[in-house]
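Q: Below you'll find the structure I mean.
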2 protein chains.
Amino acid sequence: MTASAARADGRPSPRKRAGNGAASRDVTDDVGLDALAGHAGYAVRRFQIWIFQDFIKTLGEVDIRPTQYSVLTVVGANPGLSQMAVAKRLGIERARLVHLLDSLEQRKLVKRIKSRKDRRSHALHLTAQGETALAKFKRLAAEHERHVEAKIGRANRAHLLRILAGFT
Amino acid sequence: MTASAARADGRPSPRKRAGNGAASRDVTDDVGLDALAGHAGYAVRRFQIWIFQDFIKTLGEVDIRPTQYSVLTVVGANPGLSQMAVAKRLGIERARLVHLLDSLEQRKLVKRIKSRKDRRSHALHLTAQGETALAKFKRLAAEHERHVEAKIGRANRAHLLRILAGFT
DNA sequence: GGCAATTGTTGTCGTCAACAACAATCTTTC
DNA sequence: GAAAGATTGTTGTTGACGACAACAATTGCC
């Protein structure tokens with residue numbers, strides 16, 4: 001895999017010569033992108049955008065976005081966590097989590113309970129409504145995962161998860 | 001419904017299921033996250049954040065962000081493209097590309113040349129300065145790619161690129 | 001020639017990461 | 001036990017980014 005290193009030296013092979021102004025046709029369909037093909041970040045970025053859009057669409061009927069889903073899942077699996085703990089675990093800032101929880105609490109899905117052991121912190125719990133809602137969200141999320149499988153293939157998805165297991 | 005894990009797929013879950021309670025002092029280190037472990041989107045998201053941060057840091061000395069790099073690369077490989085063509089190819093909005101190009105043009109890396117064949121559009125070119133700068137950016141980007149290899153392994157990175165080739 | 005479509009541009013809105021500051025509350029240290 | 005320092009939740013700001021809408025200039029189509 002040469003990636004960009006091999007082409008950094010001189011003029012590579014500009015396959016698609018788009019000469020001056022000759023772009024009036026349908027060049028947009030066929031723009032050489034060789035230089036980006038070897039960049040993991042670019043591929044991952046495009047893939048992540050696709051995945052999130054499918055997730056948002058698939059969970060659209062319940063109006064749950066990926067970040068909200070991750071919060072609900074973590075709180076559901078670990079009731080009583082503090083906001084700090086959840087933020088750290090999900091890699092989001094506690095400042096951001098505040099708004100997330102404001103929204104989720106307003107929708108009666110989670111509740112903040114003042115901890116008596118550390119009166120600075122809030123113990124997070126799902127409401128009863130939140131539990132049943134999360135069950136439905138998980139079904140929809142599983143459907144979304146099937147879309148991913150359909151897109152990149154079952155084996156590839158499994159391999160992808162294994163490769164990226166260290167980041168979860 | 002206990003909502004403890006996504007049992008949709010009967011994964012044996014050999015992972016780190018933290019014994020509950022034992023971590024009441026430093027919960028942050030060991031929060032059960034099994035429910036998210038099977039979600040491709042979450043892993044990809046975290047990975048993408050890691051990749052971008054490393055890219056931004058590695059290209060920090062030249063102050064080039066991933067999106068800027070992708071624009072420069074495409075324009076460098078396909079001189080004369082219109083803004084619309086670049087935007088379409090990179091999957092960004094032309095409205096957004098305007099600001100990107102404003103910045104890059106201000107830094108004398110690219111130039112907008114009014115096309116005489118279609119006086120609505122601009123033909124995009126790298127400046128001479130932009131060409132040499134891009135060469136350096138590509139060397140740094142290659143270094144970044146080596147960081148990725150070091151993180152997930154050479155073979156895994158190659159496989160990842162193959163899996164996601166359809167999204168580039 | 002007239003009307004629809006395209007291109008670049010400007011603007012708004014909402015999401016998200018990164019900081020900074022703050023009050024309330026632990027925790028440490030003397 | 002009190003002062004000093006750290007932590008938690010909160011508010012606010014900044015900037016990158018995606019999605020949309022509107023607009024003038026220009027082009028293509030009929």
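If you're wondering about the labels, chains in the structure tokens are A, B, ... by order shown, residues count from 1 in each chain, ligands from 1 in order shown.
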May I have the residues within 12 Å of D:DC20 as a PyMOL selection string, using only C-alpha atoms (C1' of nucleotides) and disregarding those fewer than 5 positions away in the same chain?

A: (chain B and resi 93+95) or (chain C and resi 11-14)

Q: Can you list every residue of chain D that has an atom at most 12 Å from chain B, with its nearest atom pair and the distance in Å to one decimal, using only C-alpha atoms (C1' of nucleotides), ordered by chain then number, as a Markdown table?

A:
```
| residue | atom | partner | partner_atom | distance |
| --- | --- | --- | --- | --- |
| D:DA16 | C1' | B:Arg65 | CA | 9.6 |
| D:DC17 | C1' | B:Arg96 | CA | 8.3 |
| D:DG18 | C1' | B:Glu93 | CA | 7.9 |
| D:DA19 | C1' | B:Glu93 | CA | 8.7 |
| D:DC20 | C1' | B:Ala95 | CA | 10.3 |
| D:DA21 | C1' | B:Ala95 | CA | 11.4 |
| D:DA24 | C1' | B:Arg120 | CA | 10.6 |
| D:DA25 | C1' | B:Arg120 | CA | 6.8 |
| D:DT26 | C1' | B:Arg120 | CA | 5.4 |
| D:DT27 | C1' | B:Asp118 | CA | 7.4 |
| D:DG28 | C1' | B:Asp118 | CA | 11.2 |
```

Q: Provide the atom CA of B:Val75 to atom CA of A:Arg45 distance in Å, to one decimal place.

A: 19.3 Å

Q: Using only C-alpha atoms (C1' of nucleotides) and a distance of at most 12 Å, pull out the residues of chain C that contact chain A, as a list in words.

A: DT6, DT7, DT15, DC16, DA17, DA18, DC19, DA20, DA23, DA24, DT25, DC26 and DT27 of chain C

Q: Taking only C-alpha atoms into account, name the residue in B:Ala133, B:Ala141, B:Val110, B:Leu90 that is nearest to B:Phe167.

A: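 Ranking B:Ala133, B:Ala141, B:Val110, B:Leu90 by distance to B:Phe167, first place goes to B:Leu90.
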